[in-house]
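S.K.: Sharing a structure, written as structure tokens. Questions coming.
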Amino acid sequence: MNLLLRIKGLNKAYQVNGRSQAVLSNLGFELHKGSSLSIKGDSGCGKSTLLHLIGGLDKPDTGEIWFDGEPVHKMDELSLSRLRRSKVSYIFQDYQLIPTLSVRDNICFQAVLAQNQDPDFIEDIVRKLDLKDCLSKLPTQLSGGQQQRVAIARAIAHKPQLILADEPTGNLDSRNSNTAIELLLSVVEVAGSTLIMVTHSDEMANALERTMILESGRLNDSREVSALMNNV
Amino acid sequence: MAIILKTLLSYHWRNLGQSLFLLTGLVAGLALWVAVQVINETAKSSYQQASQLLDYQVTHLITTNLPQGVPLEVYARLRRAGYDGLVPVLERRLRDSKGRFLEIIATDLFALGGSSTKSSDVKTEDIDPVIIGNSFSGEAWLSFIQPPYSVYIPSELASSLVVEEGDQIVTREGFLLPPSHIITNQQGGNKLIMDVGAAMAVFNKDGFDYIAVTSGDQRQLALLAGLLDSPAFENFQFVSNAEALDLTQLTDSFHINLTAMSLLSLAVGLFIIYNAAQFSILYRRASIRTLRACGVNLAELGFGLAVEYLVWVIIGTIFGCGLGYWLGNNLLPSVSATLNGLYGASVSASAIFNIDWLWQTFLIAFAGMGLAIAVPMRSLLFTTSINKPFTNQDELTYGANWQSVLPIAILLVLAWILLNSNLLNQKQALIGAFGGLAALLLAGTLILSKVLMWFVWLGKTFLPNSWYMTRWLVSDIRLQLPRTRIAFMAILLALVANIGVNLMVNSFRAAFNDWIDYRLAADIYVVGEYDQLVIPKNLSGVAALSLSAQQTIRWQGHSISLRAVDSQDPAYNDIGTFSRLVAETIPSDSIADVQEQWFTGAGVFINEQFRHKQGILPGEQITLDTSTGSENYHVLATLHDYGNTKFQIYLPLKTLKIYWPEANSSGWALMLDGTRSELSVIEKLENLGVPAERIRSQSEIKRVASTVFERTFLITAALNSLTLIIAGVSMLCALLALQMERSGFIGNLLSIGLHRSELITGMFATLLFKFTVTFILAIPLGYILAWVLIEKINILSFGWTMPLLWQAQSIISAGLLSGFVLILSAIPVLWLVRRKPLRHWLAMAKYTR
Amino acid sequence: MRILVLMPTMLAMLVWDIPVQAQSGDPYVFLRNAASGYAEVLSDHKLEFPRDNGAHPEFRIEWWYVTANLQDVDGSHYGVQWTLFRQSLSPLISTSDEQGGEKSDWGSNQVWLAHAAITNEKLHRHWQKMARGGIGQAGVDAQPFSAWIDHWALGTSLSSRSNDLYPLDLRFSINDNGEYAANLQLTAGTPMVLNGLDGYSQKSASGQASYYYSQPHLEVSGQIVWQGEPVMVTGQAWLDREWSSQPLAENQSGWDWFSLHLDDGRALMLYQMREIGDENKDEYWVSGSLVAKNGSKINILQDEVQLEVLTTKTLDNRELPLRWHVSIPKYDIDLTIEPLHDQQFISGFLPYWEGVIFAFDSKDYSLLRRQVGRGYMELMGYN
């Protein structure tokens, strides 16, 4: 079956000053393998939270998350870490590279954990992302764009089934952003991964197959939204 | 797993300096602990060597009140009657020309080793020439027992006395010891060994001091006791030997004091470990979250961190032990000299090594590191939301609730109980006193945080709204506290130790100097036997001449000293001087009466040892064995006797002469009339044939006494300073951690226009404020520490006490030193703030998110 | 009170005159030291009694030696040995008239060593005492005879008629995880025997000799205590007295000595002086005395006796010849000698094997062969 991700009735709330504030409310959607999805929404609407829940970085209050037929919402810590190790990877807005490891080590890091290193593939990625000259440097010695490319390379290197990108170009200028997205999409295609990307940018969003909008804790298909908007 | 470990350890590789801090704290704290173990155990091994006797303890002694000592016939008779394990002994405690104590033990080596060997398996091949080196011939024995005799000196002792093979030591008492023979083996302990026959000839004695009973056979002991009770042995006593314990007991106090210091240092060292461990986790917080996000599970992460810390513990143990051993070995000669001066105890000047220290140090480091990382690890690893940024939210509620006051209350109660308990055993009482102190200090450290929060509240409540900067700084203290409170606790402990010990030492010094002035009221002292030297009474320049004598007797299993002076001695003659010597146990208006009674022989004075250790007070009776039998003496007063750790009784000379006619004269005390200088009187004495080494001037004695005094506390001072340094290092780690955590905040402040100098000033001001509060809290705690040391521990340790003097100078000097250390520890961080560009702070921020 | 640690044997090393012992590991070397300065044993010297029962401090080494073969009421065998050794560490410059020829002072050059041993059919216990001379702790008086060290003593019994040496009382006791003791009375039926030529007992072709007399026919009765249990015993004993300034020639390694009470009433003493190296095995100096029931003595000459080792055993890394064949055809003696048991070694500072032996007719091959004699054997110098 082609379905990679199925989410049903997802709810998540946070405690703020003693009051419970719902972030995600009865959220549900499906995603097929090999597809790409962008999620848009206002600041603070819960986009990052959704990504964290999908990737097992956080637990939902209620609801179901099925990843390739497995119930993420029921997984224990060990299973979640296995999930994150080999099947899902992240690209963070602030890159979250390990400052004391070299670029090479950062790139290979997750692949080594997943015991899925393909040196040819990694070299290809490095070349595509133009990181050949930076391999021995430390992250603190790189520009923002370079760091983001390293973060992308790390996320891709072990050919995960799902890549979760949380505003990957949020800290870059438009030129670098475009470059980064192009590269991201090209390597995702090479790796055969499915991509979910949180972004503000319409341009970024349009580069992906599908866009959904997160508002009031729910996710709506953008075509439906625009249709609705057009009909008003 | 390898990649996880590599990632975790890469932090240390890239931040070597910070990692070294962790190691420094660990190593420093452990090293001091190990150093004290080295000192204590080497000393104890020396005492044990000195008191060991084959498989047996010397449980009893056969003593006599006969002036010539125990005669040979008695010894031979007892041996022929079948009593095993009897050994004749003659002991002398003399001083060489430099004033160093020499303990001479003279016995019959044959009797010691040659009687009733049990039937087993001493094979010829097993014979190991231990004590005598390689000179095995009847010649060795004959030279030992026949004139000119030999005195055997263990090689270590020989080098410390600078004595070579064949040298003859001349003692201050005028004895020329036989030629020295250096023996290689350390089983001789630190004593000079002579044959008992040789000793009797050299010291002109017809009998032994006593016969030691080494056999543990209960039946034989009972028979011997019965035999010696019979009329045939009426001049002999069968006494149990309590003195074997005395040296250990006396020095126990010294060693317990050292141990307490080392534990304090260890505690402070653990603070560093805590801070440094915190710091290392803090720095890697984000990386650790990334690791988890990348799929490293808890077990793997936990294992990796555990391996990392285990590596630190092992490295810390090895270096801590190594450094500690080196430190202990280097401090040992000083300690050895101090113990020799204080107690006459002989301690080897080269350290032993005990393999147990390795695993003990390991356990301490393990426990310390475990404690240090437990809390931050827990919060880092066991969170449901892995990627949630860490906030100080929980810590901002710090200090508000009653649950944090409860431990303080418990500790204070515990301290009160321990310090006021009446534990019978001296050692228990001493440990109890230290335990009470520890509880008190711990309560103090917990109170510190409360006090600081209270100041924050004061500031928040009462500072005018327009004082923006001040209000911000005061509130910032609260934010700094979680990161720095442990370090300030360490500073508090170090300060309290410094203040308390300074107060104690200064009080002691004042009392001691005062006391010496009265005790050594004469200007010149001549040591020697009356019949060997003659000093004319009408010597020019001399106003008065006083004779003194002394005798050592046994009392209730202890060796006690009787000191007698004639009516000319100014210490007892002059009422003003005398009243200074009297400990406050009799009303001041009866001092004159008491003095008069004493001179008529109506009673005796005792020193404070009797009072504190045996509970004997003025007005009571004390029974002493004299040459005519037992006599009861009325105790008239207790006298101060600083520096004397043994029991001493003071009598008028005529009383001593009547009841102990065999007593040795100690010498003369000369009071000058001022018509001639001290030097010229001394020259006159030398012209009269008085050997120069027998003449002491008061100033010289005082100088020597002061030197011993200062040396005694040198070690404590050294340990105190080291503790302060360790506290400083702890503070440095804390400040580094703080600046790292608040990098973003610092970056923000600089971004919005705060000048670096303003920021530095603010940081320094809050630091200084916290230090001031710490210092103020340390003062009463330091005073209490000094009080406990003087009123409890000193009495238990040494048997005497002194008034506690309040000296602002002690406190101020401790404060200045600590303040200096604090500033030194702050400089690196302030320098960082001054020098690092803004982007550095903003860049650092994301790694500690 | 603090007294230092000394192992008794280390102390002994200090004292007992053994110059190169540490290097060579040979505890017997002092027996070979030249007699320079000490008195010499002369062939024409007449022994006088009771004077010569006492000590001779002008000679280097001397001993008073008692061995006893005993049985209890059930017929179980026991052996008792008691020896007092005296050594002069230096030649006396002048002899003194005082007790035992020593100066009674702490600087005496005399040192004393005593061994006591009790053997039963399975076990062997032995003890050692040492004392310096000159202080009364150990010594020997010639008349009335008394040899003592602490409370161990061999001396003329109080019940003896004046001037008689016998009966002798032997007393020693020790607490060694249990009490051991001997309280024996020794009575002589025959006069004393002067071994060799009137007490001049040569030990080698080069002239080493000692003054040596024995009392072979001693009847013993009394009590021994074994691990706290008293045992009444009777039997026979042998007293040896010997003194010399050089008991061993330079080329001699030690001796094998036998004393036997034969069932026919004779007493036999034999010794063989072994040499260093095995080349001259057949030419070892052998001598002995055969004492008739009435006390008359015959000297056994070297070519009259054959001593042959039958069995050698290794004990404590020493090869010890424990079974022997003794043949003196001239006197119709053909014996197999066997120890009561092997482990009768006296270890310690001066080690040697000394134990109870039984004699059997060499031609008696029966399973229940009969003892024809009993005594003691001493193997000295096996290293």
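Ligands are numbered from 1 in the order shown, chains are lettered A, B, ... in the order of the structure tokens, and residues start at 1 in each chain.
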So which residues of range 37-215 of chain A fall under helix (DSSP H, G or I) by DSSP, listed as an MDAnalysis selection string?
M.R.: chainID A and resid 47:54 72:74 77:87 103:114 119:128 132:134 139:141 144:156 174:191 202:206
S.K.: Taking 5 positions as the minimum chain separation for residues in the same chain, which residues sit within 12 Å of Gly155 in chain C when counting only C-alpha atoms? Answer as a count of residues only.
M.R.: 30
S.K.: Quick one: residues within 9 Å of Leu185 in chain A, only C-alpha atoms counted, chain neighbours fewer than 3 positions away excluded, as a PyMOL selection string?
M.R.: chain A and resi 36+180-182+188-190+195+207-208
S.K.: Report, in Å with one decimal, the straight-line distance from CA of Ala151 in chain A to CA of Phe29 in chain A.
M.R.: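 Separation between CA of Ala151 in chain A and CA of Phe29 in chain A: 27.0 Å.
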S.K.: Between C:Asn317, C:Gln223, C:Ser259, C:Asn251, which one has atoms that come closest to chain B, using only C-alpha atoms?
M.R.: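 Using only C-alpha atoms, the shortest distance to chain B belongs to C:Asn317.
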S.K.: At a cut-off of 10 Å, using only C-alpha atoms, what residues contact Gly370 in chain B? Leave out same-chain residues fewer than 6 positions from it and give the result as an NGL selection string.
M.R.: :B and (273-274 or 277 or 306 or 309-310 or 313 or 364 or 377)
S.K.: For range 4-7 of chain A, find every residue with an atom within 9 Å (counting only C-alpha atoms), except residues of its own chain fewer than 4 positions away, and show them as a tab-separated table (two decimals) with N, CA and C atoms, in the first residue's frame.
M.R.:
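Result saved to out_12.tsv:
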```tsv
chain	number	residue	atom	x	y	z
A	27	LEU	N	-7.15	17.00	14.46
A	27	LEU	CA	-6.48	17.13	13.17
A	27	LEU	C	-6.31	15.76	12.51
A	28	GLY	N	-6.47	15.75	11.19
A	28	GLY	CA	-6.24	14.48	10.48
A	28	GLY	C	-5.86	14.73	9.04
A	29	PHE	N	-5.01	13.85	8.50
A	29	PHE	CA	-4.72	13.87	7.06
A	29	PHE	C	-3.94	12.62	6.72
A	30	GLU	N	-3.74	12.45	5.38
A	30	GLU	CA	-2.98	11.30	4.90
A	30	GLU	C	-1.92	11.76	3.92
A	31	LEU	N	-0.86	10.94	3.86
A	31	LEU	CA	0.22	11.29	2.94
A	31	LEU	C	0.75	10.02	2.29
A	32	HIS	N	0.91	10.08	0.95
A	32	HIS	CA	1.40	8.90	0.25
A	32	HIS	C	2.91	8.95	0.11
A	33	LYS	N	3.45	7.78	-0.13
A	33	LYS	CA	4.91	7.70	-0.25
A	33	LYS	C	5.37	8.45	-1.48
A	34	GLY	N	6.50	9.12	-1.31
A	34	GLY	CA	7.11	9.81	-2.43
A	34	GLY	C	6.52	11.18	-2.67
A	54	ILE	N	4.53	14.16	14.59
A	54	ILE	CA	4.71	13.16	13.53
A	54	ILE	C	6.02	12.39	13.74
A	63	GLY	N	-5.55	10.94	19.81
A	63	GLY	CA	-5.47	10.84	18.37
A	63	GLY	C	-4.52	9.75	17.94
A	64	GLU	N	-4.50	9.53	16.64
A	64	GLU	CA	-3.68	8.44	16.10
A	64	GLU	C	-2.73	8.96	15.05
A	65	ILE	N	-1.55	8.43	15.07
A	65	ILE	CA	-0.56	8.72	14.03
A	65	ILE	C	-0.04	7.38	13.55
A	66	TRP	N	-0.31	7.06	12.27
A	66	TRP	CA	0.15	5.78	11.69
A	66	TRP	C	1.23	6.08	10.68
A	67	PHE	N	2.36	5.51	10.92
A	67	PHE	CA	3.48	5.70	9.99
A	67	PHE	C	3.78	4.36	9.34
A	68	ASP	N	3.54	4.31	8.06
A	68	ASP	CA	3.79	3.08	7.31
A	68	ASP	C	3.17	1.88	8.02
A	69	GLY	N	1.93	2.09	8.49
A	69	GLY	CA	1.22	1.01	9.15
A	69	GLY	C	1.54	0.83	10.62
A	161	GLN	N	12.56	7.44	5.00
A	161	GLN	CA	11.28	7.40	4.31
A	161	GLN	C	10.60	8.76	4.35
A	162	LEU	N	10.80	9.48	5.46
A	162	LEU	CA	10.10	10.75	5.62
A	162	LEU	C	11.07	11.81	6.10
A	194	THR	N	9.74	10.91	1.19
A	194	THR	CA	8.56	11.76	1.27
A	194	THR	C	8.94	12.98	2.10
```
S.K.: When the cut-off is 9 Å and we count only C-alpha atoms, which residues of chain A are near chain B, given as a compact mmCIF listing (two decimals) with C-alpha atoms, in the first residue's frame?
M.R.:
```
# COMPACT_ATOMS: atom_id res chain seq x y z
CA HIS A 52 7.23 17.10 16.43
CA GLY A 55 8.37 12.51 14.22
CA GLY A 56 7.83 11.29 17.77
CA LEU A 57 9.59 14.21 19.39
CA ASP A 58 6.45 14.84 21.35
CA LYS A 59 3.35 12.88 22.29
CA GLU A 77 10.71 5.48 23.71
CA LEU A 78 12.85 2.77 22.14
CA SER A 79 10.58 2.35 19.18
CA LEU A 80 10.30 6.09 18.68
CA SER A 81 14.06 6.46 18.66
CA ARG A 82 14.25 3.66 16.09
CA LEU A 83 11.73 5.52 14.05
CA ARG A 84 13.68 8.71 14.21
CA ARG A 85 16.93 6.94 13.60
CA SER A 86 16.17 5.23 10.35
CA VAL A 88 12.28 9.87 9.77
CA SER A 89 14.70 12.74 9.79
CA TYR A 90 14.52 16.42 10.58
CA ASP A 94 18.20 26.64 13.42
CA GLN A 96 20.91 22.06 15.15
CA LEU A 97 24.24 20.83 13.98
CA ILE A 98 26.60 19.41 16.55
CA PRO A 99 29.13 22.16 17.04
CA THR A 100 31.98 19.94 18.10
CA LEU A 101 31.80 17.54 15.18
CA ASP A 105 30.86 13.82 10.85
CA PHE A 109 25.97 11.12 11.83
CA GLN A 110 22.48 9.81 11.36
CA VAL A 112 25.95 5.83 11.00
CA LEU A 113 23.28 5.56 13.67
CA ALA A 114 20.89 4.01 11.18
CA THR A 140 30.65 27.51 13.68
CA ALA A 155 18.81 14.50 7.01
```
S.K.: Show which residues sit within 7 Å of Ser825 in chain B, as number ranges by chain. Count only C-alpha atoms, and ignore same-chain residues fewer than 3 positions away.
M.R.: B: 728-729, 731-732, 821-822, 828
S.K.: Mind checking which residues fall within 12 Å of Asp124 in chain A, counting only C-alpha atoms, ignoring those fewer than 4 positions away in the same chain, and posting them as a list in words?
M.R.: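 Contacts, in chain order: Asp118, Pro119, Asp120, Lys128, Leu129, Asp130, Leu131, Lys132, Ala153, Ile156, Ala157, Leu183, Ser186, Val187, Val190 and Ala191 of chain A.
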S.K.: So how many Å separate CA of Arg369 in chain C and CA of Trp255 in chain C, to one decimal?
M.R.: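 Interatomic distance here is 28.9 Å.
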S.K.: From the set C:Asp316, C:Glu179, C:Asp240, C:Asp72, which residue has the shortest atom-to-atom contact distance to chain B, counting only C-alpha atoms?
M.R.: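 Smallest distance to chain B is found for C:Asp316.
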S.K.: List every residue of chain A that DSSP, applied to the backbone, labels as strand (DSSP E), and write the result as a VMD selection string.
M.R.: chain A and resid 3 to 16 19 to 32 36 to 41 62 to 67 70 to 71 88 to 91 162 to 166 194 to 198 210 to 215 218 to 221
